[in-house]
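**Q** Dropping in my_file-v3.cif, with mmCIF, C-alpha atoms.
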data_run
loop_
_atom_site.label_atom_id
_atom_site.label_comp_id
_atom_site.auth_asym_id
_atom_site.auth_seq_id
_atom_site.Cartn_x
_atom_site.Cartn_y
_atom_site.Cartn_z
CA MET A 13 0.00 0.00 0.00
CA GLU A 14 1.72 3.10 -1.22
CA LYS A 15 1.68 5.83 1.41
CA LEU A 16 1.29 9.29 -0.03
CA GLU A 17 2.68 12.30 1.76
CA TYR A 18 3.12 15.94 0.87
CA ALA A 19 6.68 17.21 0.80
CA LYS A 20 7.95 19.20 3.75
CA GLY A 21 6.89 22.81 3.29
CA VAL A 22 4.00 21.94 0.95
CA VAL A 23 0.54 22.71 2.32
CA PHE A 24 -2.73 21.65 0.74
CA ARG A 25 -5.75 23.71 1.72
CA ARG A 26 -9.37 23.97 0.71
CA GLU A 27 -10.58 27.10 -1.03
CA PRO A 28 -14.13 28.29 -1.80
CA ALA A 29 -13.85 26.43 -5.11
CA GLY A 30 -11.41 23.51 -5.11
CA GLY A 31 -8.10 23.85 -3.33
CA ILE A 32 -4.49 24.90 -3.61
CA LEU A 33 -1.10 23.37 -3.07
CA PHE A 34 1.20 26.02 -1.65
CA ASN A 35 4.95 25.66 -1.30
CA ILE A 36 5.93 27.64 1.78
CA ASP A 37 9.62 27.70 0.83
CA THR A 38 9.20 28.95 -2.72
CA GLY A 39 5.81 30.67 -2.62
CA ASP A 40 4.70 28.56 -5.61
CA LEU A 41 0.98 27.95 -5.76
CA GLN A 42 -0.89 25.30 -7.73
CA VAL A 43 -4.67 25.36 -8.06
CA THR A 44 -6.51 22.03 -7.92
CA GLU A 45 -10.08 21.55 -9.07
CA GLY A 46 -12.50 18.72 -9.72
CA VAL A 47 -11.08 15.20 -9.37
CA ALA A 48 -7.54 16.53 -8.79
CA PHE A 49 -8.87 18.48 -5.82
CA GLY A 50 -10.58 15.37 -4.49
CA ILE A 51 -7.38 13.35 -4.75
CA CYS A 52 -5.30 16.07 -3.05
CA ASP A 53 -7.88 16.29 -0.29
CA MET A 54 -7.74 12.52 0.26
CA ILE A 55 -3.92 12.59 0.34
CA ASP A 56 -4.19 15.34 2.92
CA SER A 57 -6.50 13.25 5.06
CA GLY A 58 -3.95 10.42 5.07
CA LYS A 59 -5.47 8.03 2.55
CA ASN A 60 -3.05 5.80 0.64
CA ARG A 61 -3.10 5.05 -3.10
CA ALA A 62 -5.34 1.99 -2.79
CA GLU A 63 -7.88 3.84 -0.63
CA ILE A 64 -7.99 6.77 -3.02
CA LEU A 65 -8.45 4.45 -6.00
CA SER A 66 -11.29 2.70 -4.20
CA GLU A 67 -12.99 6.05 -3.52
CA LEU A 68 -12.59 7.12 -7.13
CA LYS A 69 -14.12 3.87 -8.36
CA LYS A 70 -17.07 4.41 -6.02
CA HIS A 71 -17.69 7.91 -7.34
CA TYR A 72 -17.01 7.18 -11.01
CA PRO A 73 -18.10 3.55 -11.56
CA GLU A 74 -18.46 4.01 -15.32
CA GLU A 75 -15.07 5.65 -15.81
CA GLN A 76 -12.35 3.62 -17.54
CA GLY A 77 -8.64 4.04 -16.83
CA LEU A 78 -9.02 5.53 -13.36
CA GLU A 79 -5.98 3.69 -12.01
CA GLN A 80 -3.74 4.98 -14.80
CA ASP A 81 -5.08 8.53 -14.38
CA LEU A 82 -4.41 8.38 -10.63
CA ASP A 83 -0.87 7.11 -11.14
CA ASP A 84 -0.21 9.79 -13.76
CA PHE A 85 -1.42 12.47 -11.35
CA ILE A 86 0.68 11.11 -8.48
CA LYS A 87 3.69 11.04 -10.80
CA GLU A 88 3.03 14.64 -11.80
CA LEU A 89 2.82 15.76 -8.17
CA LYS A 90 6.09 13.98 -7.41
CA GLU A 91 7.82 15.56 -10.39
CA LYS A 92 6.67 18.98 -9.20
CA GLY A 93 8.06 18.26 -5.75
CA ALA A 94 4.66 18.38 -4.06
CA LEU A 95 4.74 14.73 -2.96
CA VAL A 96 7.65 12.84 -1.44
CA MET B 30 -17.12 14.52 -4.17
CA LYS B 31 -18.62 17.90 -3.48
CA THR B 32 -19.29 18.36 0.19
CA PRO B 33 -19.71 21.68 2.02
CA TYR B 34 -16.69 22.61 4.04
CA TRP B 35 -15.33 25.50 6.03
CA VAL B 36 -12.66 27.56 4.28
CA SER B 37 -10.21 29.28 6.57
CA PRO B 38 -8.63 32.65 5.73
CA ARG B 39 -5.27 32.42 4.03
CA GLU B 40 -3.62 35.18 6.02
CA ALA B 41 -3.42 36.68 9.48
CA ASN B 42 -1.94 39.80 10.99
CA LEU B 43 -0.45 38.89 14.35
CA LEU B 44 -0.39 41.89 16.67
CA ILE B 45 2.15 40.29 18.95
CA THR B 46 2.28 43.33 21.21
CA GLY B 47 0.23 46.44 21.88
CA LYS B 48 3.31 48.31 23.00
CA CYS B 49 5.20 50.72 20.78
CA ASN B 50 8.26 52.93 21.15
CA LEU B 51 6.58 55.69 19.09
CA ARG B 52 3.40 57.75 19.44
CA CYS B 53 2.38 58.36 15.83
CA ARG B 54 -0.45 60.84 15.35
CA HIS B 55 -2.29 58.65 12.85
CA CYS B 56 -1.99 55.26 14.57
CA SER B 57 -5.33 53.52 15.01
CA VAL B 58 -3.91 50.92 17.42
CA THR B 59 -2.58 53.37 20.01
CA SER B 60 -5.63 55.56 19.42
CA TYR B 61 -7.70 52.88 21.15
CA GLY B 62 -5.31 52.50 24.06
CA GLY B 63 -5.76 49.67 26.52
CA LEU B 64 -3.83 47.09 24.51
CA ASP B 65 -1.47 46.37 27.36
CA THR B 66 -1.99 42.63 27.68
CA ASP B 67 0.72 40.87 25.72
CA LEU B 68 0.34 37.12 25.74
CA PRO B 69 3.53 35.20 26.54
CA LEU B 70 5.31 33.27 23.81
CA SER B 71 4.11 29.97 25.31
CA VAL B 72 0.49 30.97 24.53
CA TRP B 73 1.42 32.31 21.10
CA LYS B 74 2.92 28.88 20.34
CA ASP B 75 -0.53 27.38 20.91
CA ILE B 76 -2.05 30.07 18.69
CA LEU B 77 0.47 29.30 15.94
CA ASP B 78 -0.44 25.60 16.26
CA GLU B 79 -4.11 26.50 15.81
CA LEU B 80 -3.31 28.62 12.74
CA GLN B 81 -1.32 25.71 11.34
CA ARG B 82 -4.25 23.32 11.94
CA SER B 83 -6.49 25.83 10.17
CA LYS B 84 -4.03 25.91 7.25
CA LEU B 85 -3.30 29.59 7.16
CA LEU B 86 -0.37 30.26 4.85
CA LYS B 87 0.88 33.79 5.39
CA LEU B 88 1.45 35.73 8.58
CA THR B 89 2.33 39.38 9.08
CA VAL B 90 4.02 40.03 12.39
CA THR B 91 2.92 43.44 13.58
CA GLY B 92 1.80 45.41 16.64
CA GLY B 93 2.18 47.94 18.28
CA GLU B 94 5.78 47.70 17.29
CA PRO B 95 6.70 44.00 17.14
CA LEU B 96 10.39 44.60 17.67
CA VAL B 97 9.80 45.90 21.22
CA ARG B 98 9.10 42.34 22.35
CA PRO B 99 12.24 41.09 24.12
CA ASP B 100 11.53 37.60 22.73
CA PHE B 101 10.96 38.81 19.15
CA VAL B 102 13.76 36.66 17.70
CA GLU B 103 12.45 33.57 19.49
CA PHE B 104 8.98 34.43 18.14
CA LEU B 105 10.33 34.34 14.59
CA GLY B 106 11.87 30.95 15.33
CA GLU B 107 8.48 29.58 16.38
CA ILE B 108 6.87 30.87 13.18
CA HIS B 109 9.62 29.41 11.04
CA ARG B 110 9.23 26.03 12.74
CA ARG B 111 5.73 25.80 11.28
CA PRO B 112 4.59 25.93 7.64
CA PHE B 113 4.02 29.67 7.19
CA ARG B 114 5.46 32.38 5.00
CA PHE B 115 5.81 35.59 6.95
CA SER B 116 6.49 39.32 6.79
CA ILE B 117 7.31 41.87 9.47
CA ASN B 118 5.48 45.19 9.72
CA THR B 119 7.60 47.68 11.66
CA ASN B 120 8.35 51.36 12.10
CA GLY B 121 11.96 50.49 11.28
CA THR B 122 13.53 52.26 14.24
CA LEU B 123 14.46 49.19 16.30
CA VAL B 124 16.30 47.08 13.72
CA THR B 125 19.40 45.55 15.31
CA PRO B 126 22.14 43.17 14.13
CA ARG B 127 20.40 40.41 16.15
CA VAL B 128 17.14 40.97 14.26
CA ILE B 129 19.00 40.99 10.93
CA GLU B 130 20.77 37.75 11.84
CA ALA B 131 17.48 36.04 12.75
CA VAL B 132 15.68 37.12 9.59
CA LYS B 133 18.58 35.91 7.46
CA LYS B 134 18.48 32.59 9.29
CA TYR B 135 14.79 32.21 8.48
CA SER B 136 14.97 33.81 5.05
CA SER B 137 13.64 30.77 3.15
CA ARG B 138 10.14 31.56 4.42
CA PHE B 139 10.48 35.28 4.86
CA ASN B 140 8.74 37.61 2.43
CA GLU B 141 9.79 41.12 3.42
CA PHE B 142 9.92 43.91 5.93
CA MET B 143 7.06 46.38 5.59
CA VAL B 144 8.31 49.69 6.97
CA SER B 145 6.37 52.87 7.64
CA LEU B 146 7.57 55.93 5.73
CA ASP B 147 5.44 59.06 5.75
CA GLY B 148 7.61 61.51 3.88
CA PRO B 149 10.89 62.24 2.15
CA ASP B 150 12.54 64.13 5.00
CA GLU B 151 12.92 64.63 8.70
CA GLU B 152 10.42 67.47 8.90
CA THR B 153 7.54 65.52 7.34
CA VAL B 154 8.16 62.17 9.03
CA ASP B 155 8.85 63.59 12.47
CA SER B 156 5.73 65.76 12.31
CA GLN B 157 3.65 62.56 12.12
CA ARG B 158 5.76 60.19 14.18
CA GLY B 159 7.82 62.23 16.62
CA SER B 160 11.20 63.85 16.91
CA GLY B 161 14.19 61.82 15.73
CA VAL B 162 12.13 59.07 14.07
CA PHE B 163 13.26 59.83 10.51
CA GLN B 164 16.96 59.38 11.27
CA GLU B 165 16.32 56.14 13.16
CA LEU B 166 14.16 54.58 10.46
CA VAL B 167 16.65 55.50 7.73
CA ARG B 168 19.37 53.89 9.84
CA GLY B 169 17.26 50.74 10.22
CA VAL B 170 16.40 50.56 6.54
CA LYS B 171 20.05 50.97 5.53
CA MET B 172 20.88 48.00 7.76
CA LEU B 173 18.25 45.92 5.95
CA ARG B 174 19.61 47.00 2.58
CA SER B 175 23.22 46.24 3.53
CA ALA B 176 22.16 42.77 4.64
CA GLY B 177 20.28 42.15 1.37
CA ILE B 178 16.94 41.77 3.18
CA PRO B 179 13.92 42.74 1.05
CA PHE B 180 11.71 45.58 2.23
CA GLY B 181 8.96 47.91 1.08
CA PHE B 182 7.31 51.01 2.54
CA TYR B 183 3.82 51.92 3.64
CA CYS B 184 2.92 55.59 3.48
CA THR B 185 -0.28 56.70 5.20
CA THR B 186 -1.46 59.70 3.21
CA THR B 187 -2.54 62.50 5.54
CA SER B 188 -2.96 66.26 5.35
CA LEU B 189 0.67 66.50 6.48
CA ASN B 190 2.21 64.65 3.52
CA VAL B 191 -0.35 64.58 0.71
CA ASP B 192 1.54 67.28 -1.21
CA ARG B 193 4.79 65.33 -1.08
CA VAL B 194 3.93 61.89 -2.42
CA VAL B 195 6.21 62.07 -5.46
CA GLU B 196 9.25 63.09 -3.39
CA THR B 197 8.39 60.36 -0.90
CA ALA B 198 8.22 57.74 -3.64
CA GLU B 199 11.51 58.90 -5.14
CA PHE B 200 13.12 58.78 -1.70
CA ALA B 201 11.78 55.25 -1.09
CA VAL B 202 13.21 54.04 -4.38
CA SER B 203 16.57 55.69 -3.61
CA LEU B 204 16.68 53.75 -0.32
CA GLY B 205 16.27 50.49 -2.24
CA ALA B 206 12.63 49.70 -1.48
CA ARG B 207 10.99 47.03 -3.61
CA TRP B 208 7.77 49.01 -3.44
CA ILE B 209 5.98 51.84 -1.68
CA LYS B 210 2.25 51.72 -1.02
CA PHE B 211 0.36 54.97 -0.59
CA ASN B 212 -2.74 54.20 1.43
CA ASN B 213 -5.55 56.37 2.68
CA PHE B 214 -5.62 57.65 6.21
CA LEU B 215 -8.44 55.81 7.94
CA LEU B 216 -10.29 57.52 10.72
CA ALA B 217 -10.07 54.25 12.56
CA GLY B 218 -9.73 55.12 16.19
CA PRO B 219 -11.43 57.29 18.77
CA GLY B 220 -8.35 59.41 19.40
CA LEU B 221 -7.58 60.25 15.79
CA ASN B 222 -7.55 63.82 14.62
CA ARG B 223 -9.90 64.76 11.79
CA ASP B 224 -7.47 67.52 10.80
CA MET B 225 -5.22 64.79 9.44
CA ILE B 226 -7.77 63.86 6.78
CA PRO B 227 -6.40 65.35 3.56
CA GLU B 228 -8.64 67.36 1.24
CA GLN B 229 -10.20 65.09 -1.36
CA ALA B 230 -8.99 67.28 -4.24
CA LYS B 231 -5.42 66.94 -2.95
CA VAL B 232 -5.79 63.18 -2.65
CA ASN B 233 -6.99 63.01 -6.24
CA ARG B 234 -4.07 65.14 -7.42
CA ALA B 235 -1.58 63.00 -5.48
CA ALA B 236 -3.05 59.84 -7.01
CA GLU B 237 -2.67 61.31 -10.50
CA GLU B 238 0.96 62.26 -9.82
CA LEU B 239 1.71 58.78 -8.51
CA TYR B 240 0.11 57.24 -11.57
CA VAL B 241 2.43 59.26 -13.82
CA LEU B 242 5.43 58.31 -11.67
CA SER B 243 4.52 54.62 -11.73
CA SER B 244 5.54 54.37 -15.38
CA LYS B 245 9.08 55.33 -14.31
CA TYR B 246 9.12 52.59 -11.64
CA PRO B 247 6.87 49.79 -12.97
CA GLY B 248 5.24 47.78 -10.20
CA ARG B 249 6.94 49.67 -7.40
CA ILE B 250 4.37 52.41 -6.75
CA GLN B 251 1.25 50.83 -5.27
CA GLY B 252 -1.56 51.31 -2.77
CA THR B 253 -5.18 52.35 -2.48
CA LEU B 254 -4.60 55.84 -3.92
CA LEU B 255 -3.26 54.37 -7.14
CA ASP B 256 -5.95 51.66 -7.22
CA MET B 257 -8.65 54.32 -7.09
CA HIS B 258 -7.00 56.41 -9.79
CA THR B 259 -6.82 53.32 -12.01
CA ARG B 260 -10.59 52.93 -11.58
CA VAL B 261 -11.08 56.59 -12.48
CA LEU B 262 -9.13 56.09 -15.71
CA LYS B 263 -11.10 52.95 -16.51
CA TYR B 264 -14.31 54.87 -15.96
CA LYS B 265 -13.18 57.55 -18.39
CA ARG B 266 -12.36 54.87 -20.97
CA GLY B 267 -15.75 53.22 -20.43
CA GLU B 268 -14.17 50.05 -19.09
CA LEU B 269 -15.96 49.69 -15.75
CA HIS B 270 -18.64 47.05 -15.46
CA THR B 271 -21.78 46.82 -13.37
CA GLU B 272 -20.96 45.60 -9.87
CA LYS B 273 -22.99 43.70 -7.32
CA ASP B 274 -25.04 46.04 -5.12
CA ARG B 275 -22.97 45.49 -1.99
CA ALA B 276 -22.05 48.17 0.53
CA TYR B 277 -18.62 46.86 1.37
CA SER B 278 -16.06 44.63 -0.25
CA CYS B 279 -13.03 43.37 1.60
CA GLY B 280 -11.57 40.08 2.74
CA GLY B 281 -11.89 40.86 6.46
CA GLY B 282 -12.75 37.67 8.32
CA THR B 283 -12.79 35.56 5.18
CA GLY B 284 -9.47 36.10 3.40
CA LYS B 285 -7.62 37.64 6.31
CA ILE B 286 -7.97 38.11 10.06
CA ALA B 287 -6.18 40.01 12.81
CA ILE B 288 -5.18 38.51 16.13
CA PHE B 289 -4.72 41.05 18.89
CA PRO B 290 -2.12 40.95 21.69
CA ASP B 291 -4.65 39.38 24.09
CA GLY B 292 -5.79 36.69 21.63
CA ARG B 293 -8.91 38.45 20.35
CA VAL B 294 -9.71 37.76 16.71
CA THR B 295 -11.10 40.60 14.60
CA PRO B 296 -11.71 40.89 10.83
CA CYS B 297 -9.02 43.57 10.53
CA ASP B 298 -6.42 45.31 12.68
CA HIS B 299 -8.26 48.58 12.07
CA LEU B 300 -11.27 47.15 13.89
CA PRO B 301 -10.02 46.47 17.43
CA ASP B 302 -13.53 46.71 18.87
CA LEU B 303 -15.08 44.14 16.57
CA THR B 304 -14.20 40.99 18.47
CA LEU B 305 -15.27 37.79 16.76
CA GLY B 306 -13.91 35.55 19.52
CA ASN B 307 -10.72 34.74 21.40
CA ILE B 308 -8.35 32.20 19.92
CA THR B 309 -7.00 31.29 23.35
CA GLN B 310 -10.47 29.98 24.24
CA GLN B 311 -12.02 28.78 20.95
CA SER B 312 -10.92 27.16 17.71
CA LEU B 313 -10.57 29.47 14.73
CA GLU B 314 -13.32 27.54 12.96
CA ASP B 315 -15.72 28.10 15.88
CA ILE B 316 -14.85 31.81 15.89
CA LEU B 317 -15.28 32.32 12.16
CA THR B 318 -18.50 30.34 11.92
CA GLY B 319 -19.93 31.89 15.09
CA GLY B 320 -22.56 34.51 15.81
CA GLU B 321 -20.29 37.57 15.81
CA MET B 322 -18.90 36.67 12.40
CA ARG B 323 -22.45 36.17 11.09
CA LYS B 324 -23.35 39.65 12.32
CA PHE B 325 -20.28 41.10 10.63
CA SER B 326 -21.14 39.32 7.37
CA GLU B 327 -24.67 40.72 7.53
CA PHE B 328 -23.23 44.21 7.96
CA MET B 329 -20.88 43.68 5.02
CA ASN B 330 -23.63 42.32 2.79
CA GLN B 331 -25.91 45.37 3.08
CA LYS B 332 -26.71 47.07 -0.19
CA ARG B 333 -25.19 50.35 -1.28
CA SER B 334 -28.60 51.31 -2.56
CA ASP B 335 -29.91 51.13 1.02
CA PHE B 336 -27.73 54.12 1.85
CA ALA B 337 -29.43 57.42 1.05
CA GLU B 338 -26.26 59.16 -0.10
CA CYS B 339 -25.49 56.38 -2.59
CA ARG B 340 -29.03 55.59 -3.78
CA GLU B 341 -29.26 58.57 -6.11
CA CYS B 342 -25.61 58.47 -7.19
CA ARG B 343 -25.03 58.31 -10.93
CA TYR B 344 -22.11 55.92 -10.36
CA LEU B 345 -24.03 53.49 -8.14
CA GLU B 346 -23.97 50.57 -10.55
CA LEU B 347 -20.24 50.89 -11.16
CA CYS B 348 -19.29 51.17 -7.50
CA THR B 349 -17.50 48.22 -5.91
CA GLY B 350 -18.37 49.16 -2.35
CA GLY B 351 -15.52 49.86 -0.04
CA CYS B 352 -13.87 49.52 3.32
CA PRO B 353 -16.19 49.24 6.35
CA VAL B 354 -13.68 50.55 8.88
CA GLU B 355 -14.77 54.19 9.09
CA PRO B 356 -18.54 53.52 9.08
CA LEU B 357 -18.10 50.83 11.75
CA ASN B 358 -15.91 53.03 13.90
CA MET B 359 -18.45 55.81 13.63
CA LYS B 360 -21.14 53.34 14.75
CA GLN B 361 -23.16 53.88 11.60
CA VAL B 362 -25.67 51.34 10.40
CA ILE B 363 -24.29 51.81 6.92
CA GLY B 364 -22.19 54.57 5.47
CA LEU B 365 -20.06 55.78 2.65
CA ASP B 366 -16.44 54.77 2.33
CA ARG B 367 -14.82 58.01 1.19
CA HIS B 368 -11.77 56.21 -0.16
CA SER B 369 -13.57 53.99 -2.66
CA CYS B 370 -16.19 56.55 -3.70
CA LEU B 371 -16.01 56.98 -7.47
CA LYS B 372 -18.00 60.20 -7.29
CA LEU B 373 -15.52 61.84 -4.91
CA ALA B 374 -12.59 60.65 -7.02
CA LEU B 375 -14.12 61.95 -10.24
CA GLU B 376 -15.75 65.16 -9.17
CA GLU B 377 -13.60 66.64 -6.39
CA THR B 378 -10.88 68.42 -8.27
#
Give the structure from the file, written as structure tokens.
**A**
Amino acid sequence: MEKLEYAKGVVFRREPAGGILFNIDTGDLQVTEGVAFGICDMIDSGKNRAEILSELKKHYPEEQGLEQDLDDFIKELKEKGALV
Amino acid sequence: MKTPYWVSPREANLLITGKCNLRCRHCSVTSYGGLDTDLPLSVWKDILDELQRSKLLKLTVTGGEPLVRPDFVEFLGEIHRRPFRFSINTNGTLVTPRVIEAVKKYSSRFNEFMVSLDGPDEETVDSQRGSGVFQELVRGVKMLRSAGIPFGFYCTTTSLNVDRVVETAEFAVSLGARWIKFNNFLLAGPGLNRDMIPEQAKVNRAAEELYVLSSKYPGRIQGTLLDMHTRVLKYKRGELHTEKDRAYSCGGGTGKIAIFPDGRVTPCDHLPDLTLGNITQQSLEDILTGGEMRKFSEFMNQKRSDFAECRECRYLELCTGGCPVEPLNMKQVIGLDRHSCLKLALEET
């Protein structure tokens, strides 16, 4: 079970619409909306990859390729330095 | 996945002390008096923990004069230990090598010093802030510059300096400021002198002069005077759009809060009397979803058209609404914000 954790100095917070990832050390800000927001919120609440995938499948039962989309998004967050 | 949730403000002004080494004539904080209860650092640590739990991102350390706290450097260490970016709002007269050393140590999360500058010379500054202040603040600012620490200036525009805004801006730039913000003098405290309110025509002229100067220093001349002049120019070009009929528009209590030296939370540091709750006794979420905040929101959400002076105004539809500080301090049910009034900006020449 892959544990997901924001990098030190990266804060995820909810906004009136969606959320943001804010890097305290650089001041960089990334807006998250829709499913990306939902995933970031679940990471923030301590859910691991399998738990997030399970939630996504519950919410989007008809959607194909959810697992690949999730892994792509996690990879993107890691490449940006938001996830360790 | 859409569920309702509470959204905390992003920013807070921390008034870590009510004490100040100066007695500035236009200061709303000292105008109220009675801010003598400074919480110890041990309690502020708990407050910082609560702000971290509530996911605030940016803090401005202010006062009073924050540098009068003997444990100021330790305070910065506690902020830096938690995930916040921070700035320091100071009169600039108490900068010491120890303060410089601490800020450099914590520079990865430090935005800037925000220093008060009310004029280009000793005569102007000292007339607002007291004898000897100009020399001391220039000394402090030169220390910041030598250390490579970023800083900008706030200039409160009063009747004493409204004719000297261009010289003040030039002086700020010559000192190495990243920016200077010219803001309106708010009649935001019971002890403030109405004689310090500048004539509207002079304010308008100053704003126009600053607008011209801003092309020489792109991005470095800022503040509410310039913001209003930009709206005036947009109006003249026919670029303003119809706005929501709302008396006031600011982020007080929603985008930003102030925490007073005794732990009281208010929507803004210019509203010391408007206590929403005390963060030493309640969570921030309880405070900002509580009854006092609801009352404040209701006040903010009144309509401009409910106010007799605005109802017949030809600019009503284009007006954004303004700052509630002066109407609230004057205990009005609803009132005009002079500083965001398009009619005053356009017609008082």
**Q** Chain A residues within 10 Å of chain B, counting only C-alpha atoms: which ones, as a count of residues only?
**A** 26
**Q** Can you tell me how far CA of Arg266 (chain B) sits from CA of Leu347 (chain B), in Å to one decimal?
**A** 13.2 Å
**Q** Going by the chain IDs and residue numbers used in this file, which residues fall under the PyMOL selection byres ((chain B and resi 195-208) around 6)? Write them as a list in words.
**A**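 Output from the PyMOL selection byres ((chain B and resi 195-208) around 6), applied to this file: Gly148, Pro149, Phe180, Gly181, Arg193, Val194, Ile209, Arg249 and Ile250 of chain B.
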**Q** Just the selected residues (C-alpha atoms), exported as a compact mmCIF listing (two decimals), keeping the file's coordinate frame, please.
**A**
# COMPACT_ATOMS: atom_id res chain seq x y z
CA GLY B 148 7.61 61.51 3.88
CA PRO B 149 10.89 62.24 2.15
CA PHE B 180 11.71 45.58 2.23
CA GLY B 181 8.96 47.91 1.08
CA ARG B 193 4.79 65.33 -1.08
CA VAL B 194 3.93 61.89 -2.42
CA ILE B 209 5.98 51.84 -1.68
CA ARG B 249 6.94 49.67 -7.40
CA ILE B 250 4.37 52.41 -6.75
**Q** I need the output of the PyMOL selection byres ((chain B and resi 119-135) around 8) for this file as an MDAnalysis selection string; which residues are they?
**A** chainID B and resid 91:92 94:97 102 105:106 109 117:118 136:139 142:146 162 165:170 172:173 176 178
**Q** On this structure, which residues satisfy the PyMOL selection byres ((chain B and resi 270) around 10), written as a ChimeraX atom specification?
**A** /B:263-264,267-269,271-273,346-349
**Q** My list of candidates is B:Cys184, B:Leu189, B:Ile288, B:Val261. Which is closest to Asn222 (chain B) when distances are computed with all atoms listed in the file?
**A** B:Leu189
**Q** When you count all atoms listed in the file, which of these residues is closest to Lys231 (chain B): B:Glu355, B:Val191, B:Ile76, B:Gly218?
**A**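 Under the stated criterion, the closest residue is B:Val191.
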**Q** Please compute the CA of Glu40 (chain B)-CA of Gly248 (chain B) distance, one decimal, in Å.
**A**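 Result for CA of Glu40 (chain B) versus CA of Gly248 (chain B): 22.4 Å, one decimal.
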**Q** Quick one: residues within 12 Å of Glu17 (chain A), all atoms listed in the file counted, chain neighbours fewer than 3 positions away excluded, as an mmCIF file with C-alpha atoms, keeping the file's coordinate frame?
**A**
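Once everything was written out, this is selection09.cif:
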data_model
loop_
_atom_site.group_PDB
_atom_site.id
_atom_site.type_symbol
_atom_site.label_atom_id
_atom_site.label_comp_id
_atom_site.auth_asym_id
_atom_site.auth_seq_id
_atom_site.Cartn_x
_atom_site.Cartn_y
_atom_site.Cartn_z
ATOM 1 C CA GLU A 14 1.720 3.100 -1.220
ATOM 2 C CA LYS A 20 7.950 19.200 3.750
ATOM 3 C CA GLY A 21 6.890 22.810 3.290
ATOM 4 C CA VAL A 22 4.000 21.940 0.950
ATOM 5 C CA VAL A 23 0.540 22.710 2.320
ATOM 6 C CA PHE A 24 -2.730 21.650 0.740
ATOM 7 C CA CYS A 52 -5.300 16.070 -3.050
ATOM 8 C CA ASP A 53 -7.880 16.290 -0.290
ATOM 9 C CA MET A 54 -7.740 12.520 0.260
ATOM 10 C CA ILE A 55 -3.920 12.590 0.340
ATOM 11 C CA ASP A 56 -4.190 15.340 2.920
ATOM 12 C CA SER A 57 -6.500 13.250 5.060
ATOM 13 C CA GLY A 58 -3.950 10.420 5.070
ATOM 14 C CA LYS A 59 -5.470 8.030 2.550
ATOM 15 C CA ASN A 60 -3.050 5.800 0.640
ATOM 16 C CA ARG A 61 -3.100 5.050 -3.100
ATOM 17 C CA ILE A 86 0.680 11.110 -8.480
ATOM 18 C CA LEU A 89 2.820 15.760 -8.170
ATOM 19 C CA LYS A 90 6.090 13.980 -7.410
ATOM 20 C CA GLY A 93 8.060 18.260 -5.750
ATOM 21 C CA ALA A 94 4.660 18.380 -4.060
ATOM 22 C CA LEU A 95 4.740 14.730 -2.960
ATOM 23 C CA VAL A 96 7.650 12.840 -1.440
#
**Q** Go through B:Leu357, B:Met225, B:Ala236, B:Leu317 and flag the residue nearest Leu303 (chain B), using all atoms listed in the file for the distances.
**A**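 Residue with the minimum atom-to-atom distance to Leu303 (chain B): B:Leu357.
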**Q** Quick one: pull the distance between CA of Asp67 (chain B) and CA of Pro290 (chain B), Å, one decimal.
**A**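 Going from CA of Asp67 (chain B) over to CA of Pro290 (chain B), I get 4.9 Å.
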**Q** From the options B:Lys285, B:His368, B:Lys360, B:Lys48, which residue's atoms come nearest to Leu88 (chain B), counting all atoms listed in the file?
**A** B:Lys285
